[in-house]
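> Sending over a structure as structure tokens; questions will come in a sec.
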Amino acid sequence: MSDSPEHSVTSAHIDHIPALWVSPDPQPAIARLVIWLPGLTGTKEAVLPYLQSFAAAGLVAVSLDPWQHGERGTESSEELLRRVFGDFRRHMWPILGQTALDVLRVIDWSIAHLGVRPQVLLGGISMGGDIAVAAAGLDRRVALVAAIVSTPDWLRPGMRSGSDPAAIVDPGTPDAYARFFYDNLNPLTHLEAYAHRPSILFACGADDQHVPPDGAQRFQAALRDRDPSYGEGIRVSLQPGVGHELTDAMWRECLAWLTES
């Protein structure tokens, strides 16, 4: 995280979406926009230290409460976790899909009101990174994505429990509502959505059994097979000996990816 003085925080509802943002001081005449998203049970406030680091690097940094989270939630974190992992595909796919759509509204609003240019950076941690990758396939304004311990494969084959790594999670059965989001937004099965070639970094734990890194590797290989000129636009960075956790090295790599490109 940045050790520089904290920048002021502003919050608002963008239509129905609770959001907050941090702007650099002074803000460049035409600043760059980054949207950074929290993981499952996380909130926009929980990622404020990351937004402060982006602002220190000269970016206007925005976050929002994912669907059913923060101001948009009605459950405790424990209740949300039990519900999602009790029937993963039925409950997780709508959170991913609806929030990806919400990101588009936040991009529109930010460009119109925050003095940022229409070249957008996205990222997040775990579920937040999943959402960022999906949103990048929906909006050609997205140029760069950094996803920490995340996956482009919503099926997550072989996913094990975060609390009990020996237990493989029963994925459950999606209803028609959940299936709609998967059928239309799952990145791995919609490679054509990335024809605008956003540069994507997956920072993964090599030993992550909760969000297996092979999803990112299969996505990278499939996109390169489809478009060899994509080249190094998709990078999968594996951190040895690391499971489903955010390390300082991962954060530094993602911060550099988004701020130095």
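Going through the structure tokens in order, the chains are called A, B, and so on, while each chain numbers its residues from 1 and the ligands are numbered from 1 in the order shown.
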Can you list, as a VMD selection string, all residues belonging to region 31-168 of chain A that DSSP tags as strand (DSSP E or B)?
chain A and resid 31 to 37 60 to 64 116 to 125 142 to 148 160 168
> Within 6 Å of region 122-126 of chain A, counting only C-alpha atoms, which residues show up once you throw out same-chain ones fewer than 4 positions away? Write them as an MDAnalysis selection string, please.
chainID A and resid 34:39 132 145:150
> Tell me which of A:Asp130, A:Asp225, A:Asp214, A:Asp87 sits closest to Leu185 (chain A), counting only C-alpha atoms.
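Closest to Leu185 (chain A) of all the choices is A:Asp130.
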> Write out as a list in words each polymer residue whose atoms come within 9 Å of His196 (chain A), counting only C-alpha atoms; drop sequence neighbours fewer than 6 positions from it.
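Using only C-alpha atoms, the neighbours found are Gly137, Arg140, Arg141, Val142 and Ala143 of chain A.
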> At a cut-off of 10 Å, using only C-alpha atoms, what residues contact Trp109 (chain A)? Leave out same-chain residues fewer than 6 positions from it and give the result as a ChimeraX atom specification.
/A:14-15,103
> Given the choices A:Tyr177, A:Tyr50, A:Phe88, A:Trp67, which gets closest to Arg252 (chain A) if the distance is worked out from only C-alpha atoms?
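Of the candidates, the smallest distance to Arg252 (chain A) is held by A:Tyr50.
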> Find the distance between CA of Asp153 (chain A) and CA of Leu80 (chain A) and write it in Å to one decimal.
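That distance, rounded to one decimal, is 21.4 Å.
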> With distances taken over only C-alpha atoms, which residue among A:Thr151, A:Thr173, A:Asn186, A:Ser229 lies nearest His210 (chain A)?
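Result for the nearest residue to His210 (chain A): A:Thr151.
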> Env of region 72-75 of chain A: 12 Å cut, atoms = only C-alpha atoms, seq-sep filter 2 positions within chain, self excluded. Answer as a list in words.
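What passes the distance filter is His13, His16, Ile17, Pro18, Ala19, Leu40, Thr41, Gly42, Thr43, Lys44, Leu64, Asp65, Pro66, Trp67, Gln68, His69, Gly70, Ser77, Glu78, Glu79, Leu80, Leu81, Arg82, Arg83, Val84, Ile95 and Thr99 of chain A.
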> Suppose we keep N, CA and C atoms; can you now write the selection as a compact mmCIF listing (two decimals), in the first residue's frame?

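Output file part12.txt follows:
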```txt
# COMPACT_ATOMS: atom_id res chain seq x y z
N HIS A 13 -24.51 7.35 -4.76
CA HIS A 13 -25.20 6.27 -5.44
C HIS A 13 -25.25 6.61 -6.93
N HIS A 16 -28.68 2.95 -8.78
CA HIS A 16 -28.93 2.13 -7.59
C HIS A 16 -27.65 1.57 -7.00
N ILE A 17 -26.49 1.97 -7.51
CA ILE A 17 -25.22 1.31 -7.16
C ILE A 17 -24.43 2.17 -6.17
N PRO A 18 -24.23 1.70 -4.94
CA PRO A 18 -23.40 2.45 -3.99
C PRO A 18 -21.93 2.40 -4.40
N ALA A 19 -21.32 3.57 -4.49
CA ALA A 19 -19.93 3.66 -4.96
C ALA A 19 -19.17 4.69 -4.14
N LEU A 40 -15.56 -11.90 -2.38
CA LEU A 40 -16.82 -12.34 -1.79
C LEU A 40 -16.90 -11.90 -0.33
N THR A 41 -18.01 -11.31 0.04
CA THR A 41 -18.35 -10.70 1.34
C THR A 41 -17.70 -9.34 1.52
N GLY A 42 -16.85 -8.91 0.60
CA GLY A 42 -16.17 -7.63 0.73
C GLY A 42 -17.05 -6.46 0.33
N THR A 43 -16.59 -5.27 0.64
CA THR A 43 -17.33 -4.04 0.35
C THR A 43 -16.40 -3.02 -0.28
N LYS A 44 -17.00 -1.95 -0.77
CA LYS A 44 -16.20 -0.86 -1.35
C LYS A 44 -15.28 -0.25 -0.30
N LEU A 64 -17.21 -0.13 -5.88
CA LEU A 64 -18.65 -0.22 -5.70
C LEU A 64 -18.96 -1.47 -4.89
N ASP A 65 -20.10 -1.47 -4.25
CA ASP A 65 -20.55 -2.67 -3.57
C ASP A 65 -21.06 -3.66 -4.60
N PRO A 66 -20.48 -4.87 -4.67
CA PRO A 66 -21.06 -5.86 -5.56
C PRO A 66 -22.51 -6.15 -5.19
N TRP A 67 -23.23 -6.70 -6.12
CA TRP A 67 -24.62 -7.06 -5.86
C TRP A 67 -24.70 -7.98 -4.64
N GLN A 68 -25.64 -7.69 -3.74
CA GLN A 68 -25.87 -8.44 -2.51
C GLN A 68 -24.76 -8.24 -1.48
N HIS A 69 -23.95 -7.21 -1.63
CA HIS A 69 -22.87 -6.92 -0.70
C HIS A 69 -23.00 -5.50 -0.16
N GLY A 70 -22.40 -5.25 0.99
CA GLY A 70 -22.36 -3.91 1.54
C GLY A 70 -23.74 -3.32 1.71
N SER A 77 -21.81 -11.63 6.76
CA SER A 77 -20.81 -12.29 5.91
C SER A 77 -20.91 -13.80 6.02
N GLU A 78 -21.14 -14.29 7.23
CA GLU A 78 -21.23 -15.74 7.44
C GLU A 78 -22.44 -16.31 6.71
N GLU A 79 -23.57 -15.60 6.76
CA GLU A 79 -24.77 -16.08 6.07
C GLU A 79 -24.57 -16.07 4.56
N LEU A 80 -23.92 -15.05 4.05
CA LEU A 80 -23.67 -14.96 2.61
C LEU A 80 -22.77 -16.11 2.16
N LEU A 81 -21.72 -16.39 2.91
CA LEU A 81 -20.83 -17.49 2.56
C LEU A 81 -21.56 -18.83 2.57
N ARG A 82 -22.37 -19.06 3.60
CA ARG A 82 -23.09 -20.33 3.67
C ARG A 82 -24.04 -20.49 2.48
N ARG A 83 -24.72 -19.41 2.13
CA ARG A 83 -25.67 -19.50 1.02
C ARG A 83 -24.95 -19.75 -0.30
N VAL A 84 -23.90 -18.99 -0.57
CA VAL A 84 -23.19 -19.13 -1.84
C VAL A 84 -22.58 -20.51 -1.98
N ILE A 95 -24.31 -13.03 -8.83
CA ILE A 95 -23.49 -11.98 -8.23
C ILE A 95 -22.42 -11.52 -9.22
N THR A 99 -23.04 -7.81 -11.16
CA THR A 99 -22.03 -6.80 -10.83
C THR A 99 -21.22 -6.40 -12.06
```
> Return the single residue from A:Arg90, A:Ala56, A:Ala46, A:Ala203 that is closest to Arg179 (chain A), with distances computed using only C-alpha atoms.
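Distance minimum relative to Arg179 (chain A) lands on A:Arg90.
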